[in-house]
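Dumped input03.cif below, it's mmCIF, C-alpha atoms and all ligand atoms:
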data_my_file
loop_
_atom_site.label_atom_id
_atom_site.label_comp_id
_atom_site.auth_asym_id
_atom_site.auth_seq_id
_atom_site.Cartn_x
_atom_site.Cartn_y
_atom_site.Cartn_z
CA MET A 1 18.43 20.78 -12.39
CA SER A 2 16.60 18.21 -14.50
CA GLY A 3 15.90 14.54 -14.00
CA SER A 4 13.20 11.95 -13.65
CA GLY A 5 12.37 9.39 -11.00
CA PHE A 6 9.92 6.62 -10.16
CA GLY A 7 8.54 5.34 -6.85
CA ARG A 8 6.39 2.23 -6.46
CA GLY A 9 3.08 1.87 -4.72
CA LYS A 10 2.56 -1.08 -2.36
CA VAL A 11 -0.13 -3.43 -1.23
CA ILE A 12 -0.43 -5.13 2.11
CA LEU A 13 -1.35 -8.63 0.96
CA LEU A 14 -1.99 -9.93 4.49
CA GLY A 15 -1.75 -8.81 8.10
CA GLU A 16 -2.79 -5.15 8.34
CA HIS A 17 -3.89 -4.03 11.81
CA ALA A 18 -2.51 -7.19 13.45
CA VAL A 19 0.94 -5.81 12.49
CA VAL A 20 0.32 -2.83 14.79
CA HIS A 21 0.08 -5.32 17.69
CA GLY A 22 3.27 -7.22 16.94
CA GLU A 23 2.10 -9.77 14.36
CA PRO A 24 3.77 -10.05 10.91
CA ALA A 25 2.38 -8.53 7.71
CA LEU A 26 3.06 -9.48 4.09
CA ALA A 27 3.60 -6.57 1.68
CA GLY A 28 4.43 -6.40 -2.01
CA ALA A 29 5.50 -3.54 -4.26
CA LEU A 30 3.24 -2.62 -7.13
CA ALA A 31 4.68 -2.22 -10.61
CA ARG A 32 2.56 0.95 -10.65
CA GLY A 33 3.47 4.08 -8.82
CA VAL A 34 4.39 7.71 -9.37
CA ARG A 35 6.76 9.20 -11.95
CA ALA A 36 8.26 12.66 -11.44
CA GLU A 37 10.17 15.09 -13.69
CA ALA A 38 12.25 17.93 -12.30
CA ALA A 39 13.29 21.09 -14.17
CA ALA A 40 15.03 24.33 -13.23
CA GLY A 41 12.59 26.87 -11.86
CA ALA A 42 10.97 28.21 -8.73
CA ALA A 43 10.40 25.38 -6.22
CA HIS A 44 7.00 23.90 -6.93
CA LEU A 45 5.42 20.43 -7.03
CA ARG A 46 2.34 19.54 -9.04
CA VAL A 47 0.55 16.16 -9.16
CA ALA A 48 -2.27 16.73 -11.64
CA ALA A 49 -3.88 13.28 -11.15
CA TRP A 50 -4.41 14.02 -7.44
CA GLY A 51 -5.24 17.74 -7.87
CA LEU A 52 -2.27 18.49 -5.65
CA GLU A 53 0.12 21.49 -5.60
CA ALA A 54 2.91 22.14 -3.10
CA ARG A 55 5.43 24.90 -2.32
CA PRO A 56 8.20 24.51 0.24
CA ASP A 57 7.16 27.67 2.12
CA GLY A 58 3.58 26.42 2.62
CA ALA A 59 2.17 25.01 5.86
CA ALA A 60 0.25 21.95 4.59
CA PRO A 61 1.81 18.49 5.15
CA VAL A 62 2.51 18.13 1.42
CA ASP A 63 4.30 21.53 1.40
CA ARG A 64 6.42 20.51 4.38
CA ALA A 65 7.11 17.10 2.87
CA PHE A 66 8.29 18.73 -0.38
CA ALA A 67 10.53 21.10 1.63
CA ALA A 68 11.98 18.10 3.51
CA ILE A 69 12.71 16.29 0.23
CA LEU A 70 14.44 19.37 -1.24
CA ALA A 71 16.54 19.70 1.92
CA ALA A 72 17.46 16.01 2.19
CA THR A 73 18.45 15.78 -1.47
CA GLY A 74 20.32 19.13 -1.38
CA ALA A 75 18.44 20.07 -4.55
CA GLY A 76 17.77 23.75 -3.87
CA GLU A 77 15.16 25.15 -6.26
CA ALA A 78 13.36 22.83 -8.70
CA ALA A 79 10.00 22.69 -10.40
CA VAL A 80 8.66 19.13 -10.24
CA THR A 81 5.67 17.61 -12.03
CA ALA A 82 4.46 14.12 -11.20
CA ASP A 83 2.20 11.60 -12.92
CA ALA A 84 0.44 9.16 -10.59
CA GLU A 85 -0.79 5.70 -11.65
CA ILE A 86 -2.23 4.91 -8.20
CA PRO A 87 -5.02 6.61 -6.21
CA VAL A 88 -4.09 8.91 -3.34
CA GLY A 89 -4.93 8.06 0.27
CA ALA A 90 -6.45 4.66 -0.52
CA GLY A 91 -3.92 2.32 1.14
CA LEU A 92 -1.52 1.88 -1.79
CA GLY A 93 1.42 3.81 -0.34
CA SER A 94 0.85 6.94 -2.42
CA SER A 95 2.82 9.31 -0.19
CA ALA A 96 5.96 7.13 -0.16
CA ALA A 97 5.73 6.53 -3.92
CA LEU A 98 5.48 10.28 -4.54
CA ALA A 99 8.38 11.04 -2.22
CA ALA A 100 10.56 8.37 -3.86
CA ALA A 101 9.75 9.67 -7.36
CA VAL A 102 10.40 13.32 -6.46
CA ALA A 103 13.62 12.55 -4.57
CA ARG A 104 14.96 10.43 -7.43
CA ALA A 105 14.10 13.16 -9.94
CA LEU A 106 16.20 15.55 -7.83
CA CYS A 107 19.11 13.34 -6.80
CA SER A 108 20.90 10.20 -7.96
CA ASP A 109 22.37 9.27 -4.55
CA GLU A 110 20.06 6.50 -3.26
CA ALA A 111 21.17 7.00 0.38
CA ARG A 112 20.00 10.62 0.23
CA VAL A 113 16.85 9.53 -1.58
CA ALA A 114 16.06 7.09 1.26
CA ASP A 115 16.60 9.86 3.84
CA ALA A 116 14.29 12.15 1.85
CA VAL A 117 11.53 9.52 1.68
CA ALA A 118 11.83 8.78 5.42
CA ALA A 119 11.62 12.52 6.24
CA SER A 120 8.58 12.96 4.01
CA GLU A 121 6.82 9.90 5.48
CA ARG A 122 7.40 11.22 9.03
CA ILE A 123 5.57 14.41 8.04
CA PHE A 124 2.59 12.51 6.63
CA HIS A 125 2.40 9.64 9.11
CA GLY A 126 4.15 10.71 12.31
CA ASN A 127 5.87 7.47 13.26
CA PRO A 128 5.64 5.28 10.17
CA SER A 129 6.70 1.64 10.21
CA GLY A 130 8.86 2.19 7.10
CA ILE A 131 7.12 -0.53 5.12
CA ASP A 132 5.79 1.90 2.48
CA ALA A 133 9.19 3.56 2.06
CA ALA A 134 10.97 0.21 1.63
CA MET A 135 8.46 -0.93 -0.98
CA ALA A 136 8.48 2.43 -2.83
CA LEU A 137 12.27 2.36 -3.15
CA GLY A 138 13.20 -1.29 -3.42
CA GLY A 139 10.23 -3.27 -4.64
CA GLY A 140 9.85 -7.01 -4.16
CA PHE A 141 8.00 -8.81 -1.38
CA GLY A 142 8.61 -8.51 2.32
CA ARG A 143 7.48 -9.96 5.63
CA PHE A 144 7.32 -7.10 8.06
CA THR A 145 7.19 -6.96 11.85
CA ARG A 146 7.36 -3.88 14.05
CA GLY A 147 10.26 -5.31 16.02
CA GLY A 148 12.21 -6.86 13.17
CA GLY A 149 11.50 -4.52 10.24
CA LEU A 150 11.21 -5.75 6.67
CA GLU A 151 12.64 -9.15 5.70
CA ARG A 152 12.62 -9.34 1.92
CA PHE A 153 12.15 -12.79 0.36
CA ALA A 154 12.26 -14.13 -3.17
CA ALA A 155 9.02 -15.14 -4.87
CA ALA A 156 7.71 -14.83 -8.41
CA PRO A 157 5.64 -11.65 -8.88
CA VAL A 158 1.87 -12.16 -8.97
CA ARG A 159 -0.78 -10.22 -10.85
CA LEU A 160 -3.38 -8.70 -8.54
CA CYS A 161 -6.64 -6.92 -9.31
CA VAL A 162 -7.12 -3.70 -7.35
CA ALA A 163 -10.37 -1.74 -6.93
CA ASN A 164 -10.85 1.56 -5.18
CA THR A 165 -14.11 1.51 -3.21
CA GLY A 166 -14.02 5.31 -3.39
CA ARG A 167 -14.93 5.50 0.30
CA ARG A 168 -12.56 7.75 2.25
CA ARG A 169 -11.16 6.38 5.44
CA ASP A 170 -9.16 7.55 8.41
CA THR A 171 -6.27 5.18 9.16
CA GLY A 172 -5.69 6.64 12.64
CA ALA A 173 -9.33 6.20 13.66
CA LEU A 174 -9.45 2.62 12.36
CA VAL A 175 -6.23 1.70 14.20
CA ALA A 176 -7.65 3.32 17.37
CA GLY A 177 -10.87 1.32 16.92
CA VAL A 178 -8.94 -1.97 16.96
CA SER A 179 -7.02 -0.86 20.07
CA ALA A 180 -10.32 0.03 21.79
CA ARG A 181 -11.69 -3.41 20.93
CA LEU A 182 -8.56 -4.99 22.36
CA ARG A 183 -9.18 -3.11 25.63
CA ASP A 184 -12.91 -3.98 25.74
CA ARG A 185 -12.67 -7.62 24.66
CA PRO A 186 -9.02 -8.53 25.24
CA ALA A 187 -9.07 -12.32 24.97
CA ALA A 188 -11.23 -12.59 21.84
CA THR A 189 -9.50 -9.73 20.02
CA ALA A 190 -5.98 -10.89 20.88
CA ALA A 191 -6.89 -14.37 19.62
CA LEU A 192 -8.15 -12.88 16.34
CA LEU A 193 -4.97 -10.83 15.86
CA ARG A 194 -2.82 -13.91 16.57
CA ALA A 195 -4.89 -15.88 14.06
CA ILE A 196 -4.21 -13.17 11.46
CA GLY A 197 -0.47 -13.45 12.22
CA ALA A 198 -0.62 -17.22 11.63
CA LEU A 199 -2.43 -16.63 8.32
CA VAL A 200 0.36 -14.26 7.24
CA ASP A 201 2.97 -16.98 7.72
CA GLN A 202 0.85 -19.50 5.82
CA GLY A 203 0.48 -16.90 3.05
CA VAL A 204 4.22 -16.19 2.91
CA THR A 205 4.92 -19.92 2.50
CA ALA A 206 2.21 -20.29 -0.16
CA LEU A 207 3.56 -17.30 -2.09
CA ARG A 208 7.17 -18.55 -1.94
CA GLU A 209 6.03 -21.94 -3.21
CA GLY A 210 3.79 -20.45 -5.90
CA ARG A 211 0.65 -22.08 -4.40
CA LEU A 212 -1.80 -19.37 -5.42
CA THR A 213 -4.98 -21.30 -4.52
CA SER A 214 -3.73 -21.51 -0.92
CA LEU A 215 -2.76 -17.83 -0.96
CA GLY A 216 -6.27 -16.94 -2.15
CA GLU A 217 -7.87 -19.01 0.66
CA VAL A 218 -5.66 -17.28 3.20
CA MET A 219 -6.69 -13.87 1.80
CA ASP A 220 -10.38 -14.76 2.26
CA ARG A 221 -9.79 -15.95 5.82
CA ASN A 222 -7.79 -12.79 6.58
CA GLN A 223 -10.70 -10.69 5.23
CA ALA A 224 -13.17 -12.55 7.47
CA ALA A 225 -10.95 -11.88 10.50
CA LEU A 226 -10.60 -8.20 9.56
CA ALA A 227 -14.38 -7.91 9.31
CA GLU A 228 -14.65 -9.45 12.79
CA VAL A 229 -12.12 -6.94 14.10
CA GLY A 230 -14.42 -4.21 12.77
CA VAL A 231 -12.42 -2.63 9.93
CA SER A 232 -14.45 -3.77 6.93
CA CYS A 233 -17.49 -1.94 5.51
CA SER A 234 -20.29 -2.74 3.08
CA GLU A 235 -18.38 -1.33 0.07
CA ILE A 236 -15.42 -3.63 0.84
CA GLU A 237 -17.63 -6.68 1.38
CA THR A 238 -19.48 -6.03 -1.90
CA ALA A 239 -16.26 -5.57 -3.88
CA CYS A 240 -14.77 -8.79 -2.42
CA GLU A 241 -17.96 -10.73 -3.19
CA LEU A 242 -18.07 -9.43 -6.78
CA ALA A 243 -14.45 -10.54 -7.26
CA ARG A 244 -15.07 -14.03 -5.83
CA ARG A 245 -18.16 -14.49 -8.00
CA ALA A 246 -16.10 -13.47 -11.05
CA GLY A 247 -13.61 -16.26 -10.26
CA ALA A 248 -11.09 -14.75 -7.82
CA LEU A 249 -9.24 -17.24 -5.60
CA GLY A 250 -9.41 -14.72 -2.76
CA ALA A 251 -10.17 -11.06 -2.06
CA LYS A 252 -9.68 -8.67 0.83
CA LEU A 253 -9.24 -5.07 1.84
CA THR A 254 -5.70 -3.70 1.74
CA GLY A 255 -4.35 -1.13 4.20
CA ALA A 256 -6.47 0.35 6.92
CA GLY A 257 -9.89 -0.71 5.59
CA GLY A 258 -13.08 1.24 6.28
CA GLY A 259 -13.04 2.06 2.55
CA GLY A 260 -9.93 2.54 0.39
CA CYS A 261 -8.81 -0.30 -1.85
CA VAL A 262 -9.61 -4.00 -2.20
CA VAL A 263 -7.28 -6.57 -3.79
CA ALA A 264 -8.21 -9.84 -5.49
CA LEU A 265 -6.04 -12.74 -6.64
CA ALA A 266 -7.61 -14.07 -9.83
CA PRO A 267 -5.07 -15.73 -12.14
CA GLY A 268 -6.61 -16.05 -15.61
CA ARG A 269 -9.81 -14.33 -14.42
CA GLU A 270 -8.46 -10.78 -14.09
CA GLU A 271 -10.54 -9.36 -16.94
CA ALA A 272 -13.75 -10.84 -15.48
CA VAL A 273 -13.00 -9.40 -12.05
CA LEU A 274 -12.17 -5.96 -13.46
CA ALA A 275 -15.33 -6.03 -15.61
CA ALA A 276 -17.51 -6.92 -12.58
CA TRP A 277 -16.00 -4.08 -10.54
CA ARG A 278 -16.26 -1.54 -13.34
CA ALA A 279 -19.89 -2.54 -13.99
CA ALA A 280 -20.50 -1.68 -10.32
CA GLY A 281 -18.94 1.75 -10.88
CA LEU A 282 -15.58 1.07 -9.22
CA GLU A 283 -12.24 2.35 -10.50
CA ALA A 284 -10.12 -0.79 -10.99
CA PHE A 285 -6.88 -2.03 -12.52
CA ALA A 286 -4.67 -5.13 -12.62
CA ALA A 287 -0.99 -4.79 -11.71
CA GLU A 288 2.05 -6.93 -11.03
CA VAL A 289 3.00 -7.11 -7.38
CA GLY A 290 6.45 -8.07 -6.12
CA PHE A 291 8.70 -6.57 -8.76
CA GLN A 292 12.23 -5.85 -7.65
CA HIS A 293 13.75 -2.42 -8.20
CA GLY A 294 15.16 -2.18 -11.71
CA SER A 295 13.27 -5.20 -13.07
CA GLN A 296 10.31 -3.34 -14.56
O1 LIG B 1 -3.93 2.19 4.65
P1 LIG B 1 -2.50 2.30 4.96
O2 LIG B 1 -1.60 2.06 3.81
O3 LIG B 1 -2.16 3.55 5.75
O4 LIG B 1 -2.16 1.05 5.92
C1 LIG B 1 -2.48 0.98 7.27
C2 LIG B 1 -1.98 -0.35 7.78
C3 LIG B 1 -2.28 -0.57 9.26
O5 LIG B 1 -1.80 -1.87 9.57
C4 LIG B 1 -3.76 -0.52 9.52
C5 LIG B 1 -1.60 0.46 10.15
C6 LIG B 1 -0.11 0.33 10.26
O6 LIG B 1 0.51 1.31 10.74
O7 LIG B 1 0.48 -0.70 9.92
#
Reformat the file's structure so that it appears as structure tokens.
Ligand code: PMV
Amino acid sequence: MSGSGFGRGKVILLGEHAVVHGEPALAGALARGVRAEAAAGAAHLRVAAWGLEARPDGAAPVDRAFAAILAATGAGEAAVTADAEIPVGAGLGSSAALAAAVARALCSDEARVADAVAASERIFHGNPSGIDAAMALGGGFGRFTRGGGLERFAAAPVRLCVANTGRRRDTGALVAGVSARLRDRPAATAALLRAIGALVDQGVTALREGRLTSLGEVMDRNQAALAEVGVSCSEIETACELARRAGALGAKLTGAGGGGCVVALAPGREEAVLAAWRAAGLEAFAAEVGFQHGSQ
């Protein structure tokens, strides 16, 4: 048993939270992700960058996810080491990227790999939408709705700046907070979520047509709506403001918010944005978003 595999991270460019309530979201695969190597040996998974170890007989979610991947790929025993280029638990699809990398290191049948990633994601996220798995395996851009799944569309990849606020967040609690707001203030909150959905469709059109200034404006308006819905925090607002002052066309949280990562669209100004973030002590990188599988 020996092989290597790669799984991509993802960003939600627009539409998080509103997507839970039936609106569309726009997601793109990151050129960055997780790379795994498998060798013969006692079943074991190690991701040094995340300080993570797993064994298939363990009880932690990562142990059970590794066991599910071994079972779905039919790999039996294998010792797997993984290198991660994205932070863990920060909204960049780390669990799906890891599962895709490990499954591909163990198995060359992409149908089995997809089953393995889905099984692993169910262990981590209960009832996942599948958006992270689709991005980890296939890349590209997609417009996603809960009812309709992922519709991929063609658009030139864009370079995005990504900063990790370093603040830990709890996706479940943030999603529950939006639902509570919808119960307490139904008309205003529903209107905000619908407005986010409309922004997503404007953003999809802007991206397809390569109108990055419009996409940046839409990102800023989406961030303002997310703040109104209650899922931003001071670290996110500061990081977005630093990016805009350094020349970004738009900046927003990505994923659940409440901490985690921020993305900024800053063509030609990436180095200035990264420098501003790093000067503020944030871990940051620039990466292509929207690569198709096999095009890296
Ligand atoms: O932070 P992440 O990658 O778990 O993204 C959460 C995205 C939400 O829209 C807030 C929840 C969801 O299930 O879509």
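Across A:Val204, A:Val178, A:Leu160, A:Leu226, the tightest approach to Glu288 of chain A is made by A:Leu160 when counting all atoms listed in the file.
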Would you place a box with edges along x, y and z of the file around all atoms of ligand LIG 1 (chain B) listed there, add 5 Å to each of its six sides, and report the centre and edge lengths in Å to one decimal, as AutoDock Vina command-line options?
--center_x -1.7 --center_y 0.8 --center_z 7.3 --size_x 14.4 --size_y 15.4 --size_z 16.9
- List all protein, DNA and RNA residues that have an atom no more than 8 Å from any atom of ligand LIG 1 (chain B), counting only C-alpha atoms and all ligand atoms, and report them as a PyMOL selection string. chain A and resi 11-12+15-20+89-93+128-129+132+171-172+174-175+254-257+260
- Task: Within 6 Å of Ala42 of chain A, counting all atoms listed in the file, which residues show up once you throw out same-chain ones fewer than 2 positions away? Write them as an MDAnalysis selection string, please.
- Result: chainID A and resid 77:79
- Task: Have a look at atom CA of Asp115 of chain A and atom CA of Glu53 of chain A and let me know their distance in Å, one decimal.
- Result: 22.3 Å
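Shortest atom-to-atom contact with Gly216 of chain A among A:Ala246, A:Ala134, A:Leu192, A:Leu265: A:Leu265, counting only C-alpha atoms.
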- Message: When you look at Arg269 of chain A with a cut-off of 12 Å (counting all atoms listed in the file), what residues show up, excluding the ones that are within fewer than 2 positions of it in the same chain? I need them as a list in words.
- Response: Arg159, Leu160, Cys161, Ala243, Arg244, Arg245, Ala246, Gly247, Ala248, Leu249, Gly250, Ala264, Leu265, Ala266, Pro267, Glu271, Ala272, Val273, Leu274, Ala275, Ala276 and Ala286 of chain A
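Each of A:Gly147, A:Gly259, A:Gly138, A:Gly7 was checked against Gly22 of chain A using only C-alpha atoms; the smallest atom-to-atom distance is that of A:Gly147.
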